[in-house]
Every structure is written in C-alpha cells, then in structure tokens.
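The structure appears below as structure tokens.
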Amino acid sequence: MLRGSLLLQKRSISMKYLLILILLILTGPAFAQSEVDEKEAISHTVQLYFDGMMERDRSKLEEAFHPEARLIGYRGENFTITSFEDWASGTAKGEKRDKNQYQNQLLDIDLKGYTAIAKTELFWPGIYYFDYLTLMKIDGQWKIVHKTWYEETR
C-alpha cells in the first residue's frame with residue numbers, strides 16, 4: 001500500500017513539472033514578444049525626437065519628452081543643465097533642417113521593466129553628438145525623461 005501511495009505522489013509531482021514546463025514553453029514567446037513590442041514603442045519615441053529636431057516640430061518633441069525632462073551635457077567647455085521647455089523652445093525655432101545633411105541613428109536600447117536607456121549618434125554638419133536617453137513608461141507611453149550628451153567637433 002505504501003509503495004502504491006509513493007508511486008502516485010511521484011506521478012503527481014511529475015505531472016506538476018510537466019504542466020509547468022508546458023506553461024513556460026507556451027508563455028515564453030509572449031514575454032519575448034512583449035519586449036519586442038516595448039522596444040518598438042521606444043524606437044518610435046526616439047524617432048519622434050529625431051523628427052522633431054529635423055522638422056523643428058514642437059509637437060513631436062512634446063510627444064517624445066516628458067515636460068519635466070532635463071538635458072545635461074557640455075556646450076564646448078561649459079557644463080549645462082537645460083529644462084525641456086528651454087531646449088524645445090530653441091530647437092523648434094527656424095527653418096526645417098535638410099535631412100540629407102544630418103544622420104541620426106538609434107544604436108541600442110537597454111530595457112528593464114518600465115525604464116530604458118537608448119544610445120544614439122547624431123552626425124550633424126561640423127559636430128557629432130552622442131546621446132544617452134533615459135526613458136520611462138508613463139501612463140502607457142514611453143517618454144524621454146533625461147538626455148545626457150557628449151559632443152565632438154569635426
């Protein structure tokens with residue numbers, strides 16, 4: 001009798017492991033797909049940033065950035081901290097930029113939950129920018145909350 005009981009327990013445990021394995025196999029791609037979807041949404045936000053700068057389109061910049069975002073880096077030798085409002089006001093002024101003279105590229109996205117870092121390179125006439133964008137998912141939308149950059153003249 002004891003042997004039969006042990007056999008049933010082993011089968012029960014084996015069935016539990018089998019069910020867990022099947023569940024992992026079936027849901028694994030869903031988790032992977034979710035990450036792909038999130039990275040696509042982040043890429044869209046970064047593209048809004050690029051397009052907003054090229055087109056000098058304030059509405060695209062506002063869609064990409066959180067209104068309390070900060071932009072931090074050096075302008076030449078001067079360390080600067082700029083509010084999104086000040087930066088967007090200046091960036092949105094003037095004529096559209098000629099996209100043939102500029103190259104903006106998203107290099108990498110590191111995603112963890114509702115936070116992400118996007119690494120970008122912007123090759124503009126006379127200057128290279130290397131941006132590190134911190135994004136957060138806020139109310140279902142990916143927003144740039146911080147931009148740190150490095151620049152090189154060429």
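Numbering starts fresh at 1 for the residues of each chain in the structure tokens, the chains themselves are lettered A, B, ... in the order given, and ligands are numbered from 1 as they appear.
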Query raised in the report: In region 20-135 of chain A, what's strand (DSSP E or B) per DSSP? Answer as number ranges by chain?
Result: A: 65-75, 78-83, 103-112, 115-124, 127-135
Serialized selection, N, CA and C atoms, as a tab-separated table (two decimals), in the first residue's frame:
chain	number	residue	atom	x	y	z
A	65	PHE	N	9.16	63.78	-25.25
A	65	PHE	CA	9.74	64.12	-23.94
A	65	PHE	C	8.68	64.32	-22.88
A	66	HIS	N	9.03	63.97	-21.66
A	66	HIS	CA	8.23	64.35	-20.50
A	66	HIS	C	8.46	65.84	-20.26
A	67	PRO	N	7.44	66.61	-19.89
A	67	PRO	CA	7.62	68.05	-19.72
A	67	PRO	C	8.64	68.45	-18.65
A	68	GLU	N	8.94	67.56	-17.71
A	68	GLU	CA	9.92	67.86	-16.67
A	68	GLU	C	11.31	67.32	-16.99
A	69	ALA	N	11.52	66.86	-18.22
A	69	ALA	CA	12.81	66.29	-18.62
A	69	ALA	C	13.93	67.33	-18.49
A	70	ARG	N	15.13	66.83	-18.28
A	70	ARG	CA	16.33	67.67	-18.23
A	70	ARG	C	17.31	67.16	-19.27
A	71	LEU	N	18.08	68.09	-19.82
A	71	LEU	CA	19.11	67.79	-20.81
A	71	LEU	C	20.43	68.29	-20.23
A	72	ILE	N	21.38	67.38	-20.08
A	72	ILE	CA	22.61	67.69	-19.35
A	72	ILE	C	23.82	67.30	-20.19
A	73	GLY	N	24.76	68.23	-20.30
A	73	GLY	CA	25.99	67.94	-21.03
A	73	GLY	C	26.87	69.18	-21.07
A	74	TYR	N	27.89	69.12	-21.91
A	74	TYR	CA	28.79	70.24	-22.10
A	74	TYR	C	28.52	70.89	-23.45
A	75	ARG	N	28.45	72.20	-23.46
A	75	ARG	CA	28.46	73.00	-24.69
A	75	ARG	C	29.85	73.61	-24.74
A	78	ASN	N	31.53	74.44	-21.30
A	78	ASN	CA	30.55	74.83	-20.29
A	78	ASN	C	29.58	73.69	-19.98
A	79	PHE	N	29.54	73.29	-18.72
A	79	PHE	CA	28.58	72.30	-18.25
A	79	PHE	C	27.21	72.95	-18.20
A	80	THR	N	26.21	72.30	-18.82
A	80	THR	CA	24.89	72.90	-18.87
A	80	THR	C	23.81	71.92	-18.42
A	81	ILE	N	22.82	72.46	-17.75
A	81	ILE	CA	21.60	71.73	-17.42
A	81	ILE	C	20.46	72.57	-17.98
A	82	THR	N	19.70	71.97	-18.88
A	82	THR	CA	18.65	72.70	-19.58
A	82	THR	C	17.31	72.02	-19.35
A	83	SER	N	16.29	72.80	-19.09
A	83	SER	CA	14.94	72.23	-18.97
A	83	SER	C	14.44	71.86	-20.36
A	103	GLN	N	22.62	62.89	-39.99
A	103	GLN	CA	22.40	61.46	-39.82
A	103	GLN	C	22.14	61.19	-38.34
A	104	ASN	N	20.94	60.73	-38.03
A	104	ASN	CA	20.55	60.41	-36.66
A	104	ASN	C	20.30	58.92	-36.59
A	105	GLN	N	20.90	58.28	-35.60
A	105	GLN	CA	20.83	56.82	-35.55
A	105	GLN	C	20.61	56.32	-34.12
A	106	LEU	N	19.67	55.42	-33.98
A	106	LEU	CA	19.45	54.72	-32.71
A	106	LEU	C	20.34	53.48	-32.72
A	107	LEU	N	21.25	53.39	-31.77
A	107	LEU	CA	22.22	52.29	-31.75
A	107	LEU	C	21.78	51.12	-30.90
A	108	ASP	N	21.19	51.41	-29.73
A	108	ASP	CA	20.90	50.34	-28.79
A	108	ASP	C	19.82	50.78	-27.81
A	109	ILE	N	19.08	49.79	-27.32
A	109	ILE	CA	18.09	50.02	-26.27
A	109	ILE	C	18.32	48.98	-25.19
A	110	ASP	N	18.47	49.44	-23.96
A	110	ASP	CA	18.55	48.56	-22.80
A	110	ASP	C	17.25	48.76	-22.03
A	111	LEU	N	16.46	47.71	-21.92
A	111	LEU	CA	15.11	47.79	-21.35
A	111	LEU	C	15.01	46.93	-20.10
A	112	LYS	N	14.51	47.52	-19.04
A	112	LYS	CA	14.22	46.80	-17.80
A	112	LYS	C	12.90	47.34	-17.25
A	115	THR	N	11.62	51.11	-17.40
A	115	THR	CA	12.73	52.03	-17.66
A	115	THR	C	13.55	51.53	-18.84
A	116	ALA	N	14.18	52.47	-19.53
A	116	ALA	CA	15.02	52.09	-20.67
A	116	ALA	C	16.09	53.17	-20.88
A	117	ILE	N	17.18	52.75	-21.48
A	117	ILE	CA	18.23	53.66	-21.93
A	117	ILE	C	18.38	53.45	-23.43
A	118	ALA	N	18.34	54.53	-24.19
A	118	ALA	CA	18.56	54.48	-25.63
A	118	ALA	C	19.86	55.21	-25.93
A	119	LYS	N	20.73	54.56	-26.69
A	119	LYS	CA	22.01	55.15	-27.08
A	119	LYS	C	21.88	55.59	-28.54
A	120	THR	N	22.21	56.85	-28.81
A	120	THR	CA	22.07	57.38	-30.17
A	120	THR	C	23.34	58.10	-30.61
A	121	GLU	N	23.49	58.19	-31.92
A	121	GLU	CA	24.54	59.00	-32.53
A	121	GLU	C	23.89	59.95	-33.51
A	122	LEU	N	24.32	61.20	-33.48
A	122	LEU	CA	23.79	62.20	-34.39
A	122	LEU	C	24.98	62.88	-35.06
A	123	PHE	N	25.10	62.67	-36.36
A	123	PHE	CA	26.19	63.26	-37.12
A	123	PHE	C	25.62	64.46	-37.88
A	124	TRP	N	25.97	65.64	-37.39
A	124	TRP	CA	25.45	66.89	-37.94
A	124	TRP	C	26.61	67.66	-38.56
A	127	ILE	N	29.62	68.73	-36.33
A	127	ILE	CA	29.59	68.23	-34.95
A	127	ILE	C	28.97	66.83	-34.89
A	128	TYR	N	29.51	66.04	-33.99
A	128	TYR	CA	28.93	64.72	-33.68
A	128	TYR	C	28.35	64.81	-32.27
A	129	TYR	N	27.13	64.29	-32.10
A	129	TYR	CA	26.53	64.19	-30.78
A	129	TYR	C	26.35	62.71	-30.44
A	130	PHE	N	26.62	62.37	-29.22
A	130	PHE	CA	26.39	61.02	-28.71
A	130	PHE	C	25.44	61.18	-27.52
A	131	ASP	N	24.20	60.76	-27.72
A	131	ASP	CA	23.15	60.96	-26.72
A	131	ASP	C	22.84	59.66	-25.98
A	132	TYR	N	22.63	59.81	-24.69
A	132	TYR	CA	22.11	58.73	-23.87
A	132	TYR	C	20.77	59.22	-23.33
A	133	LEU	N	19.71	58.58	-23.78
A	133	LEU	CA	18.36	58.99	-23.42
A	133	LEU	C	17.79	58.03	-22.39
A	134	THR	N	17.35	58.55	-21.27
A	134	THR	CA	16.65	57.74	-20.27
A	134	THR	C	15.16	57.89	-20.53
A	135	LEU	N	14.49	56.76	-20.69
A	135	LEU	CA	13.05	56.77	-20.94
A	135	LEU	C	12.34	56.03	-19.82
Query raised in the report: Per DSSP on the backbone, what are the alpha helix (DSSP H) residues of region 38-72 of chain A, as a ChimeraX atom specification?
Result: /A:38-55,58-64
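If only C-alpha atoms are the atoms counted, then among A:Lys99, A:Ser34, A:Leu61, A:Gly126 the closest residue to Val46 (chain A) is A:Leu61.
Neighbours of Met53 (chain A) closer than or equal to 7 Å, with only C-alpha atoms counted and sequence neighbours fewer than 4 positions away skipped, come out as Tyr49, Asp57 and Thr91 of chain A.
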Query raised in the report: Which is closest to Leu48 (chain A) among A:Thr153, A:Glu95, A:Trp142, A:Asn100, if we use only C-alpha atoms?
Result: A:Trp142
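Going from CA of Tyr114 (chain A) to CA of Lys143 (chain A) covers 10.4 Å.
Nearest to Asp51 (chain A) of all the residues A:Glu151, A:Asp86, A:Asp139, A:Glu63 is A:Glu63, based on only C-alpha atoms.
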Query - Coordinates-based distance that separates CA of Pro125 (chain A) from CA of Arg56 (chain A) (Å, one decimal) - result: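 Distance reported for this atom pair: 16.5 Å.
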